[in-house]
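Novice: Here it is: the structure, laid out below.
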Amino acid sequence: MQVTAGTTSNRSIERATKSIIKDVIDDINGTPDFLIVTYTPNYRNKEDYEMAISKICEESGTKNIIGGIFPGVATSNGLPTTQGCSVMGFKGNEIKIQPPFDYSNIRINPKKGAQKVKTAYERVNSETKLGFFLTPGPFYQTNAFEQLQVLDTFFARKFKKMFNIIGRMINRSMGKSGYGSTLFADAILKILMEEGIKSALGGATIDLDMKSCYQFSGDQVYRNALVGTVFSSDKLSFNNNWTFDKSQHSQNFLLTEFLKSSGYVQKINKKPANEAFLDLIDISRELYDEAFGKLSYASLLYLSAMENEYQDYVPFVSVCHPILKGVIATVPEKSLYNDNIKADFFTQSGTGIQTSAFECANNLVQGLSDIRFGIFMNCSNRLLIAGDKIDQENKLIEEAVGDDVPFITLYSGGEFSLINQKPIYSAVSIHGFVAGVSTTSSKNVVF
Amino acid sequence: MSCTQGISSELEDLIFLEDVEASILFRIDGNVVESRFNESYSQELLRTVKWCKENVEKVSLEMRSNNLNKVTYELNDFCVLFFVVNSVTILTTLANQNVNLSLLSIEAKRKSQIIASYL
């Protein structure tokens, strides 16, 4: 089996594409079976990405391609880049990769998207299989936060049922225009879990400037689509896992009032959420705006997490915008089941991020030898926290999976997994998947 | 591709990044090996470049004595990022204050390592 991976950087998408074809695609003996193609968002125009993908299809001889744009991309043998592309190519019979599927109305109808994943998953007879899909990420129009001011009113707190519906309508209207968060991925995972699908991995494409958001399937470039495939094998075993930096637990707090449908937290510790949030992290409004204003006011260093029904901590991002009295939290609706929900703060750090990446990769290789390849969905916020130290994180992944094992790391806008039929939708985390030879007597176990 | 062309191309890549105004490869004595500027540069930017030229030796000594690979300064409304390329050259990237420093530093580090391979 041949797996190649490479990263290249260039100001021109044509030159970056030419270089990646030479480095990765030409390295495969013959036509690759499948390609994961990812670009950074700096090239902006949809036409440029269409041209690049079409060139890759032409040169590689295959349309079995999925991918998208991510603020940072990296592979095992290359330095991470924020101005270029990373590609991973597969050829051989140890792994079967289904032709790509896509669904272009995913923000409005996650159910249909989940159906696509399920159909592709059920088409495969192997015991060892994993669905891999990419979705659009958080994308907001400039006045998005003004629309949410209605959720601060007296009526919104008094008539919660009605305003849950209004919140849902706002989300739907934003979704129709191609805006919103990635919470629909949680709905997809829930459907897949109910349908008995055991393993999946995915992430959201994103441009941190919220100027573009593209996904690739075959030779097509989409703006708001789910794109995916299914990996399977009769010879190898798959492991998938996730973690986040929980090394620095600071304090806990209570979500005392919120609107479920829009993840809008009105009160924290019985105080207006915006004010209480800043008090908890002990930062002035001015300092917070200076630090996070460029990042849609999403707190990155102070990550909140709450326990879910599986007793796992699931981290979420809190958006503390100055014009709102509340805080927007990327918490799935089902997690907001009653009032007074306990949440915890974890302070993120560059070294904590590196350690957690190593922990994730190290857990993945347990019970496996001769790792063939790895795919990691890492959070773009972790990329921002680590900055130029991000290459250390990939070195640690390499240390865990083994030298010369090709892997790709995509810095996404929301990561998600189904691990042994358990759905995990999280923020500022790392999710991964590796394929290798099982060292245990029981074959084809998905952990 | 020749060494000079290669270095020029890497510096050119940097100025195509959002909010980056100039990228300069300095020798530690302050001499410019290669540079690239955005088409519309200001007097203010040139003043900042002058400061870099005058201080690069001091900065590089400081970096070497403290074993630093990267140093960032904010002055005259610009962010200045110094990255060690090798023992005699430093990559300097000047960006306006709207720049996302984390993303820029990832690419500047990548470029400094590629430039080192040309030298």
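Within each chain, counting starts at residue 1; across the structure tokens, chains are named A, B, ... in the order shown, with ligands numbered 1 upward in that order.
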Give me, as JSON lines, the closest atom pair and its distance (Å, one decimal) for every residue of range 4-118 of chain B within a cut-off of 12 Å of range 194-215 of chain A, counting only C-alpha atoms, rows sorted by chain and rising number.
Specialist:
```
{"residue": "B:Glu18", "atom": "CA", "partner": "A:Asp209", "partner_atom": "CA", "distance": 10.4}
{"residue": "B:Asn98", "atom": "CA", "partner": "A:Asp209", "partner_atom": "CA", "distance": 11.5}
{"residue": "B:Val99", "atom": "CA", "partner": "A:Asp209", "partner_atom": "CA", "distance": 11.1}
{"residue": "B:Asn100", "atom": "CA", "partner": "A:Leu208", "partner_atom": "CA", "distance": 9.8}
{"residue": "B:Ser102", "atom": "CA", "partner": "A:Leu208", "partner_atom": "CA", "distance": 11.8}
{"residue": "B:Leu103", "atom": "CA", "partner": "A:Leu208", "partner_atom": "CA", "distance": 10.1}
```
Novice: Would you list which chain A residues are within 6 Å of chain B using only C-alpha atoms, as an MDAnalysis selection string?
Specialist: chainID A and resid 10:11 81:82 384 387:388
Novice: Based on the selection just made, write N, CA, C and O atoms of those residues as a PDB file, in the first residue's frame.
Specialist:
```
ATOM      1  N   ASN A  10       2.997  28.645  -1.288  1.00  0.00           N
ATOM      2  CA  ASN A  10       3.301  29.625  -2.325  1.00  0.00           C
ATOM      3  C   ASN A  10       2.196  30.659  -2.365  1.00  0.00           C
ATOM      4  O   ASN A  10       1.044  30.345  -2.080  1.00  0.00           O
ATOM      5  N   ARG A  11       2.562  31.902  -2.757  1.00  0.00           N
ATOM      6  CA  ARG A  11       1.552  32.965  -2.853  1.00  0.00           C
ATOM      7  C   ARG A  11       0.561  32.695  -3.976  1.00  0.00           C
ATOM      8  O   ARG A  11      -0.546  33.204  -3.974  1.00  0.00           O
ATOM      9  N   THR A  81       1.770  25.103   7.074  1.00  0.00           N
ATOM     10  CA  THR A  81       1.701  26.351   6.310  1.00  0.00           C
ATOM     11  C   THR A  81       0.349  27.024   6.498  1.00  0.00           C
ATOM     12  O   THR A  81      -0.661  26.358   6.750  1.00  0.00           O
ATOM     13  N   THR A  82       0.360  28.363   6.362  1.00  0.00           N
ATOM     14  CA  THR A  82      -0.889  29.121   6.372  1.00  0.00           C
ATOM     15  C   THR A  82      -1.080  29.768   5.003  1.00  0.00           C
ATOM     16  O   THR A  82      -1.901  30.654   4.834  1.00  0.00           O
ATOM     17  N   LEU A 384      -3.788  28.942  16.596  1.00  0.00           N
ATOM     18  CA  LEU A 384      -3.533  30.331  16.988  1.00  0.00           C
ATOM     19  C   LEU A 384      -2.819  30.409  18.334  1.00  0.00           C
ATOM     20  O   LEU A 384      -1.977  31.260  18.552  1.00  0.00           O
ATOM     21  N   GLY A 387       0.801  29.136  17.670  1.00  0.00           N
ATOM     22  CA  GLY A 387       1.576  29.990  16.757  1.00  0.00           C
ATOM     23  C   GLY A 387       2.683  29.202  16.079  1.00  0.00           C
ATOM     24  O   GLY A 387       2.485  28.067  15.655  1.00  0.00           O
ATOM     25  N   ASP A 388       3.894  29.809  16.040  1.00  0.00           N
ATOM     26  CA  ASP A 388       4.975  29.146  15.296  1.00  0.00           C
ATOM     27  C   ASP A 388       5.516  27.897  15.996  1.00  0.00           C
ATOM     28  O   ASP A 388       6.359  27.196  15.447  1.00  0.00           O
TER      29      ASP A 388
END
```
Novice: Which residues, written as a ChimeraX atom specification, have at least one atom at most 10 Å from range 29-38 of chain B, with only C-alpha atoms counted and residues fewer than 4 positions away on the same chain left out?
Specialist: /B:4-5,7-16,19-25,42,45,50,52-58,60,88-94
Novice: I need the alpha helix (DSSP H) residues of range 173-384 of chain A per DSSP on the backbone, written as a short mmCIF file (atom, residue, chain, number, x, y, z; two decimals) with all heavy atoms, in the first residue's frame.
Specialist:
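Generated file (part_3.cif):
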```cif
data_model
loop_
_atom_site.label_atom_id
_atom_site.label_comp_id
_atom_site.auth_asym_id
_atom_site.auth_seq_id
_atom_site.Cartn_x
_atom_site.Cartn_y
_atom_site.Cartn_z
N SER A 173 -32.59 30.99 9.43
CA SER A 173 -32.49 32.05 8.44
C SER A 173 -31.00 32.30 8.10
O SER A 173 -30.64 32.50 6.93
CB SER A 173 -33.16 33.30 8.98
OG SER A 173 -32.45 34.44 8.71
N MET A 174 -30.14 32.27 9.13
CA MET A 174 -28.70 32.45 8.87
C MET A 174 -28.18 31.28 8.04
O MET A 174 -27.38 31.45 7.12
CB MET A 174 -27.92 32.55 10.18
CG MET A 174 -28.27 33.79 10.96
SD MET A 174 -26.96 34.53 11.93
CE MET A 174 -26.37 33.26 12.95
N GLY A 175 -28.66 30.07 8.36
CA GLY A 175 -28.23 28.86 7.65
C GLY A 175 -28.58 28.92 6.18
O GLY A 175 -27.80 28.50 5.33
N LYS A 176 -29.78 29.48 5.88
CA LYS A 176 -30.22 29.58 4.48
C LYS A 176 -29.26 30.47 3.69
O LYS A 176 -29.04 30.25 2.51
CB LYS A 176 -31.63 30.18 4.42
CG LYS A 176 -32.70 29.11 4.50
CD LYS A 176 -34.06 29.73 4.27
CE LYS A 176 -35.15 28.68 4.41
NZ LYS A 176 -36.47 29.27 4.48
N PHE A 184 -24.71 21.90 13.61
CA PHE A 184 -25.45 20.88 12.86
C PHE A 184 -24.68 19.56 12.82
O PHE A 184 -25.26 18.49 12.64
CB PHE A 184 -25.77 21.37 11.43
CG PHE A 184 -24.55 21.72 10.64
CD1 PHE A 184 -23.82 20.74 9.99
CD2 PHE A 184 -24.11 23.03 10.54
CE1 PHE A 184 -22.68 21.06 9.27
CE2 PHE A 184 -22.98 23.37 9.84
CZ PHE A 184 -22.26 22.38 9.20
N ALA A 185 -23.34 19.63 13.00
CA ALA A 185 -22.52 18.41 12.99
C ALA A 185 -22.92 17.49 14.14
O ALA A 185 -22.89 16.27 14.02
CB ALA A 185 -21.04 18.76 13.09
N ASP A 186 -23.33 18.12 15.25
CA ASP A 186 -23.76 17.32 16.40
C ASP A 186 -25.05 16.56 16.05
O ASP A 186 -25.22 15.40 16.43
CB ASP A 186 -23.98 18.23 17.61
CG ASP A 186 -24.25 17.43 18.86
OD1 ASP A 186 -23.34 16.71 19.28
OD2 ASP A 186 -25.39 17.48 19.36
N ALA A 187 -25.94 17.25 15.30
CA ALA A 187 -27.19 16.59 14.87
C ALA A 187 -26.87 15.41 13.95
O ALA A 187 -27.48 14.35 14.06
CB ALA A 187 -28.07 17.61 14.15
N ILE A 188 -25.88 15.58 13.08
CA ILE A 188 -25.48 14.49 12.17
C ILE A 188 -24.97 13.30 13.00
O ILE A 188 -25.36 12.15 12.78
CB ILE A 188 -24.39 14.97 11.18
CG1 ILE A 188 -24.95 16.05 10.27
CG2 ILE A 188 -23.83 13.80 10.36
CD1 ILE A 188 -23.93 16.70 9.36
N LEU A 189 -24.10 13.60 13.96
CA LEU A 189 -23.51 12.52 14.79
C LEU A 189 -24.60 11.76 15.54
O LEU A 189 -24.55 10.54 15.65
CB LEU A 189 -22.52 13.10 15.81
CG LEU A 189 -21.22 13.68 15.26
CD1 LEU A 189 -20.38 14.22 16.40
CD2 LEU A 189 -20.42 12.66 14.46
N LYS A 190 -25.58 12.51 16.04
CA LYS A 190 -26.67 11.88 16.81
C LYS A 190 -27.44 10.91 15.91
O LYS A 190 -27.72 9.79 16.31
CB LYS A 190 -27.60 12.98 17.34
CG LYS A 190 -28.58 12.49 18.35
CD LYS A 190 -29.27 13.64 19.06
CE LYS A 190 -30.40 13.14 19.93
NZ LYS A 190 -31.68 13.08 19.23
N ILE A 191 -27.74 11.34 14.68
CA ILE A 191 -28.47 10.46 13.75
C ILE A 191 -27.63 9.23 13.44
O ILE A 191 -28.12 8.10 13.47
CB ILE A 191 -28.84 11.23 12.45
CG1 ILE A 191 -29.77 12.39 12.78
CG2 ILE A 191 -29.47 10.29 11.41
CD1 ILE A 191 -29.94 13.41 11.67
N LEU A 192 -26.34 9.44 13.16
CA LEU A 192 -25.47 8.31 12.82
C LEU A 192 -25.39 7.32 13.97
O LEU A 192 -25.41 6.11 13.78
CB LEU A 192 -24.06 8.81 12.45
CG LEU A 192 -23.96 9.68 11.19
CD1 LEU A 192 -22.52 10.13 10.97
CD2 LEU A 192 -24.47 8.94 9.96
N MET A 193 -25.31 7.86 15.19
CA MET A 193 -25.24 7.00 16.38
C MET A 193 -26.51 6.15 16.48
O MET A 193 -26.45 4.94 16.70
CB MET A 193 -25.08 7.87 17.62
CG MET A 193 -25.06 7.12 18.92
SD MET A 193 -25.32 8.21 20.32
CE MET A 193 -27.07 8.53 20.20
N GLU A 194 -27.65 6.82 16.28
CA GLU A 194 -28.93 6.10 16.38
C GLU A 194 -29.08 5.04 15.29
O GLU A 194 -29.77 4.05 15.45
CB GLU A 194 -30.10 7.09 16.30
CG GLU A 194 -30.26 7.86 17.59
CD GLU A 194 -31.13 9.12 17.46
OE1 GLU A 194 -31.63 9.40 16.35
OE2 GLU A 194 -31.28 9.81 18.45
N ALA A 273 -24.64 37.04 31.84
CA ALA A 273 -23.55 36.14 31.45
C ALA A 273 -22.28 36.85 30.97
O ALA A 273 -21.17 36.45 31.34
CB ALA A 273 -24.05 35.19 30.38
N ASN A 274 -22.45 37.91 30.19
CA ASN A 274 -21.30 38.61 29.63
C ASN A 274 -20.39 39.13 30.74
O ASN A 274 -19.17 38.88 30.76
CB ASN A 274 -21.82 39.77 28.76
CG ASN A 274 -20.75 40.41 27.92
OD1 ASN A 274 -19.68 40.70 28.42
ND2 ASN A 274 -21.03 40.62 26.65
N GLU A 275 -21.03 39.81 31.72
CA GLU A 275 -20.30 40.40 32.85
C GLU A 275 -19.67 39.28 33.71
O GLU A 275 -18.50 39.35 34.08
CB GLU A 275 -21.35 41.16 33.66
CG GLU A 275 -20.87 42.12 34.67
CD GLU A 275 -22.09 42.62 35.49
OE1 GLU A 275 -23.12 42.98 34.88
OE2 GLU A 275 -21.98 42.60 36.73
N ALA A 276 -20.47 38.25 33.99
CA ALA A 276 -20.00 37.16 34.85
C ALA A 276 -18.83 36.41 34.21
O ALA A 276 -17.89 36.00 34.89
CB ALA A 276 -21.13 36.18 35.13
N PHE A 277 -18.91 36.25 32.88
CA PHE A 277 -17.85 35.55 32.15
C PHE A 277 -16.52 36.28 32.30
O PHE A 277 -15.48 35.69 32.62
CB PHE A 277 -18.25 35.43 30.67
CG PHE A 277 -17.27 34.69 29.82
CD1 PHE A 277 -17.27 33.30 29.79
CD2 PHE A 277 -16.34 35.36 29.04
CE1 PHE A 277 -16.36 32.60 29.00
CE2 PHE A 277 -15.43 34.68 28.25
CZ PHE A 277 -15.45 33.30 28.24
N LEU A 278 -16.56 37.61 32.11
CA LEU A 278 -15.33 38.41 32.23
C LEU A 278 -14.81 38.39 33.66
O LEU A 278 -13.60 38.35 33.89
CB LEU A 278 -15.57 39.84 31.75
CG LEU A 278 -15.88 39.99 30.25
CD1 LEU A 278 -16.24 41.43 29.91
CD2 LEU A 278 -14.71 39.55 29.39
N ASP A 279 -15.74 38.41 34.63
CA ASP A 279 -15.33 38.34 36.05
C ASP A 279 -14.61 37.02 36.33
O ASP A 279 -13.59 36.98 37.02
CB ASP A 279 -16.55 38.41 36.97
CG ASP A 279 -17.03 39.84 37.12
OD1 ASP A 279 -16.31 40.74 36.67
OD2 ASP A 279 -18.14 40.03 37.66
N LEU A 280 -15.19 35.95 35.78
CA LEU A 280 -14.62 34.62 36.05
C LEU A 280 -13.20 34.48 35.50
O LEU A 280 -12.33 33.89 36.14
CB LEU A 280 -15.50 33.54 35.42
CG LEU A 280 -16.74 33.14 36.22
CD1 LEU A 280 -17.69 32.34 35.35
CD2 LEU A 280 -16.36 32.34 37.45
N ILE A 281 -12.99 35.02 34.29
CA ILE A 281 -11.64 34.89 33.73
C ILE A 281 -10.75 36.06 34.16
O ILE A 281 -9.58 36.13 33.79
CB ILE A 281 -11.64 34.72 32.19
CG1 ILE A 281 -12.30 35.91 31.48
CG2 ILE A 281 -12.32 33.43 31.79
CD1 ILE A 281 -12.23 35.83 29.95
N ARG A 285 -13.03 44.33 30.09
CA ARG A 285 -13.67 44.34 28.77
C ARG A 285 -12.66 44.77 27.70
O ARG A 285 -12.55 44.17 26.62
CB ARG A 285 -14.86 45.30 28.81
CG ARG A 285 -15.66 45.43 27.54
CD ARG A 285 -16.65 44.31 27.35
NE ARG A 285 -16.26 43.43 26.26
CZ ARG A 285 -16.89 42.31 25.95
NH1 ARG A 285 -17.92 41.90 26.64
NH2 ARG A 285 -16.50 41.57 24.95
N GLU A 286 -11.88 45.82 27.98
CA GLU A 286 -10.95 46.37 27.00
C GLU A 286 -9.90 45.34 26.60
O GLU A 286 -9.60 45.14 25.43
CB GLU A 286 -10.21 47.61 27.56
CG GLU A 286 -11.08 48.83 27.81
CD GLU A 286 -12.01 48.67 29.00
OE1 GLU A 286 -11.67 47.95 29.96
OE2 GLU A 286 -13.12 49.25 28.96
N LEU A 287 -9.37 44.66 27.62
CA LEU A 287 -8.32 43.67 27.36
C LEU A 287 -8.89 42.49 26.57
O LEU A 287 -8.25 41.97 25.65
CB LEU A 287 -7.72 43.20 28.68
CG LEU A 287 -6.36 42.50 28.60
CD1 LEU A 287 -5.33 43.39 27.95
CD2 LEU A 287 -5.90 42.09 29.99
N TYR A 288 -10.10 42.08 26.94
CA TYR A 288 -10.74 40.95 26.25
C TYR A 288 -10.96 41.31 24.78
O TYR A 288 -10.64 40.51 23.89
CB TYR A 288 -12.09 40.61 26.91
CG TYR A 288 -12.73 39.38 26.30
CD1 TYR A 288 -12.46 38.12 26.80
CD2 TYR A 288 -13.59 39.48 25.20
CE1 TYR A 288 -13.02 36.98 26.23
CE2 TYR A 288 -14.15 38.36 24.62
CZ TYR A 288 -13.87 37.11 25.14
OH TYR A 288 -14.41 35.99 24.57
N ASP A 289 -11.47 42.55 24.55
CA ASP A 289 -11.74 42.96 23.16
C ASP A 289 -10.45 43.02 22.36
O ASP A 289 -10.42 42.65 21.19
CB ASP A 289 -12.44 44.32 23.14
CG ASP A 289 -13.85 44.22 23.70
OD1 ASP A 289 -14.29 43.09 23.97
OD2 ASP A 289 -14.50 45.28 23.89
N GLU A 290 -9.40 43.50 23.01
CA GLU A 290 -8.11 43.60 22.31
C GLU A 290 -7.59 42.21 21.95
O GLU A 290 -7.08 41.97 20.86
CB GLU A 290 -7.10 44.33 23.19
CG GLU A 290 -5.87 44.77 22.43
CD GLU A 290 -4.81 45.39 23.33
OE1 GLU A 290 -5.18 46.02 24.34
OE2 GLU A 290 -3.63 45.19 23.02
N ALA A 291 -7.76 41.27 22.89
CA ALA A 291 -7.23 39.92 22.67
C ALA A 291 -8.06 39.12 21.68
O ALA A 291 -7.51 38.39 20.86
CB ALA A 291 -7.14 39.19 24.00
N PHE A 292 -9.38 39.23 21.78
CA PHE A 292 -10.22 38.31 21.01
C PHE A 292 -11.12 39.00 19.98
O PHE A 292 -11.87 38.32 19.28
CB PHE A 292 -11.07 37.45 21.96
CG PHE A 292 -10.25 36.69 22.97
CD1 PHE A 292 -10.35 36.95 24.33
CD2 PHE A 292 -9.34 35.73 22.55
CE1 PHE A 292 -9.59 36.26 25.26
CE2 PHE A 292 -8.57 35.03 23.47
CZ PHE A 292 -8.69 35.29 24.81
N GLY A 350 0.37 26.76 25.05
CA GLY A 350 1.10 26.15 23.93
C GLY A 350 1.64 24.77 24.29
O GLY A 350 1.51 23.81 23.53
N THR A 351 2.21 24.66 25.51
CA THR A 351 2.78 23.36 25.89
C THR A 351 1.67 22.34 26.16
O THR A 351 1.83 21.17 25.83
CB THR A 351 3.68 23.49 27.14
OG1 THR A 351 2.97 24.25 28.10
CG2 THR A 351 5.00 24.14 26.84
N GLY A 352 0.56 22.82 26.74
CA GLY A 352 -0.57 21.92 27.00
C GLY A 352 -1.13 21.36 25.70
O GLY A 352 -1.52 20.20 25.61
N ILE A 353 -1.13 22.20 24.67
CA ILE A 353 -1.63 21.79 23.36
C ILE A 353 -0.73 20.70 22.77
O ILE A 353 -1.19 19.69 22.25
CB ILE A 353 -1.74 23.03 22.45
CG1 ILE A 353 -3.05 23.73 22.78
CG2 ILE A 353 -1.67 22.69 20.97
CD1 ILE A 353 -3.19 25.09 22.23
N GLN A 354 0.59 20.92 22.93
CA GLN A 354 1.53 19.91 22.40
C GLN A 354 1.35 18.58 23.14
O GLN A 354 1.31 17.52 22.53
CB GLN A 354 2.96 20.40 22.57
CG GLN A 354 3.31 21.54 21.62
CD GLN A 354 4.61 22.21 21.96
OE1 GLN A 354 5.43 21.65 22.67
NE2 GLN A 354 4.81 23.41 21.48
N THR A 355 1.23 18.68 24.46
CA THR A 355 1.10 17.45 25.26
C THR A 355 -0.18 16.70 24.90
O THR A 355 -0.18 15.48 24.80
CB THR A 355 1.09 17.80 26.76
OG1 THR A 355 2.13 18.74 26.99
CG2 THR A 355 1.31 16.60 27.63
N SER A 356 -1.27 17.46 24.72
CA SER A 356 -2.54 16.78 24.42
C SER A 356 -2.50 16.14 23.04
O SER A 356 -3.11 15.09 22.82
CB SER A 356 -3.72 17.74 24.56
OG SER A 356 -3.56 18.84 23.72
N ALA A 357 -1.79 16.76 22.09
CA ALA A 357 -1.67 16.16 20.75
C ALA A 357 -0.91 14.84 20.86
O ALA A 357 -1.28 13.84 20.24
CB ALA A 357 -0.95 17.11 19.81
N PHE A 358 0.14 14.85 21.68
CA PHE A 358 0.92 13.62 21.86
C PHE A 358 0.05 12.54 22.52
O PHE A 358 0.06 11.38 22.11
CB PHE A 358 2.16 13.91 22.73
CG PHE A 358 3.02 12.70 22.96
CD1 PHE A 358 3.81 12.18 21.95
CD2 PHE A 358 3.01 12.06 24.19
CE1 PHE A 358 4.59 11.05 22.16
CE2 PHE A 358 3.78 10.92 24.41
CZ PHE A 358 4.57 10.42 23.39
N GLU A 359 -0.73 12.99 23.51
CA GLU A 359 -1.61 12.05 24.23
C GLU A 359 -2.62 11.41 23.26
O GLU A 359 -2.81 10.19 23.27
CB GLU A 359 -2.36 12.85 25.31
CG GLU A 359 -3.29 12.03 26.19
CD GLU A 359 -4.22 12.95 26.99
OE1 GLU A 359 -3.80 14.06 27.38
OE2 GLU A 359 -5.38 12.55 27.20
N CYS A 360 -3.20 12.23 22.38
CA CYS A 360 -4.17 11.72 21.42
C CYS A 360 -3.51 10.71 20.48
O CYS A 360 -4.00 9.59 20.30
CB CYS A 360 -4.76 12.89 20.62
SG CYS A 360 -5.94 12.38 19.36
N ALA A 361 -2.35 11.09 19.93
CA ALA A 361 -1.67 10.21 18.98
C ALA A 361 -1.18 8.93 19.67
O ALA A 361 -1.27 7.84 19.11
CB ALA A 361 -0.50 10.94 18.34
N ASN A 362 -0.72 9.09 20.89
CA ASN A 362 -0.21 7.93 21.64
C ASN A 362 -1.34 6.94 21.95
O ASN A 362 -1.15 5.74 21.84
CB ASN A 362 0.44 8.45 22.92
CG ASN A 362 1.48 7.50 23.42
OD1 ASN A 362 2.12 6.80 22.62
ND2 ASN A 362 1.65 7.43 24.72
N ASN A 363 -2.50 7.46 22.31
CA ASN A 363 -3.66 6.58 22.57
C ASN A 363 -4.08 5.86 21.29
O ASN A 363 -4.52 4.72 21.34
CB ASN A 363 -4.84 7.39 23.10
CG ASN A 363 -4.64 7.79 24.54
OD1 ASN A 363 -3.84 7.18 25.24
ND2 ASN A 363 -5.33 8.83 24.97
N LEU A 364 -3.95 6.58 20.17
CA LEU A 364 -4.38 5.99 18.90
C LEU A 364 -3.58 4.76 18.50
O LEU A 364 -4.10 3.84 17.89
CB LEU A 364 -4.26 7.04 17.78
CG LEU A 364 -5.34 8.10 17.72
CD1 LEU A 364 -4.98 9.15 16.69
CD2 LEU A 364 -6.68 7.50 17.38
N SER A 380 -8.47 25.04 14.79
CA SER A 380 -7.72 26.20 14.31
C SER A 380 -7.39 27.14 15.47
O SER A 380 -6.43 27.90 15.40
CB SER A 380 -8.53 26.94 13.24
OG SER A 380 -9.83 27.16 13.67
N ASN A 381 -8.18 27.08 16.55
CA ASN A 381 -7.85 27.89 17.72
C ASN A 381 -6.56 27.41 18.37
O ASN A 381 -5.78 28.20 18.90
CB ASN A 381 -8.98 27.82 18.75
CG ASN A 381 -10.21 28.55 18.27
OD1 ASN A 381 -10.13 29.36 17.36
ND2 ASN A 381 -11.34 28.26 18.86
N ARG A 382 -6.35 26.12 18.35
CA ARG A 382 -5.09 25.57 18.89
C ARG A 382 -3.92 26.04 18.04
O ARG A 382 -2.83 26.29 18.55
CB ARG A 382 -5.15 24.04 18.92
CG ARG A 382 -6.10 23.49 19.98
CD ARG A 382 -6.40 22.03 19.79
NE ARG A 382 -5.27 21.15 19.76
CZ ARG A 382 -4.81 20.42 20.78
NH1 ARG A 382 -5.42 20.49 21.94
NH2 ARG A 382 -3.78 19.63 20.65
N LEU A 383 -4.17 26.21 16.73
CA LEU A 383 -3.14 26.73 15.83
C LEU A 383 -2.75 28.14 16.24
O LEU A 383 -1.58 28.51 16.28
CB LEU A 383 -3.69 26.71 14.40
CG LEU A 383 -2.83 27.26 13.28
CD1 LEU A 383 -1.90 26.18 12.76
CD2 LEU A 383 -3.70 27.72 12.12
N LEU A 384 -3.79 28.94 16.60
CA LEU A 384 -3.53 30.33 16.99
C LEU A 384 -2.82 30.41 18.33
O LEU A 384 -1.98 31.26 18.55
CB LEU A 384 -4.86 31.11 17.06
CG LEU A 384 -5.58 31.30 15.74
CD1 LEU A 384 -6.91 31.99 15.95
CD2 LEU A 384 -4.73 32.11 14.78
#
```
Novice: Show me, as a PyMOL selection string, the residues that have an atom within 10 Å of Ser217 in chain A when counting only C-alpha atoms, minus same-chain residues fewer than 3 positions from it.
Specialist: chain A and resi 36-37+53+63-68+99-103+134+220-222+225-229
Novice: When DSSP is applied to the backbone of this structure, which of range 371-441 of chain A are assigned strand (DSSP E)? Write them out as a PyMOL selection string.
Specialist: chain A and resi 371-379+407-412+415-419+422-426+429-438
Novice: Tell me, as a list in words, which residues lie within 8 Å of range 400-406 of chain A, counting only C-alpha atoms; anything in the same chain fewer than 2 positions away does not count.
Specialist: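 The neighbour list is Val3, Thr4, Ala5, Thr75, Ser76, Asn77, Phe358, Ala361, Asn362, Val365, Ile371, Arg372, Phe373, Gly374, Leu396, Ile397, Glu398 and Ile408 of chain A.
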Novice: Quick one, how far is CA of Lys118 in chain A from CA of Gly167 in chain A?
Specialist: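 Spanning CA of Lys118 in chain A to CA of Gly167 in chain A is a straight-line distance of 29.0 Å.
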Novice: With only C-alpha atoms as the counted atoms, please give the residues lying no more than 8 Å from Gly367 in chain A, apart from itself and same-chain residues fewer than 4 positions off, as an NGL selection string.
Specialist: :A and (438-440)
Novice: Go ahead and save the residues from that selection, with C-alpha atoms, as a compact mmCIF listing (two decimals), in the first residue's frame.
Specialist:
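Listing of selection.txt after writing:
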```txt
# COMPACT_ATOMS: atom_id res chain seq x y z
CA SER A 438 -3.67 -5.09 15.18
CA THR A 439 -1.38 -6.51 17.85
CA THR A 440 -4.24 -8.08 19.78
```
Novice: Just give me the gap between CA of Val87 in chain A and CA of Ala427 in chain A in Å, one decimal is fine.
Specialist: 24.2 Å
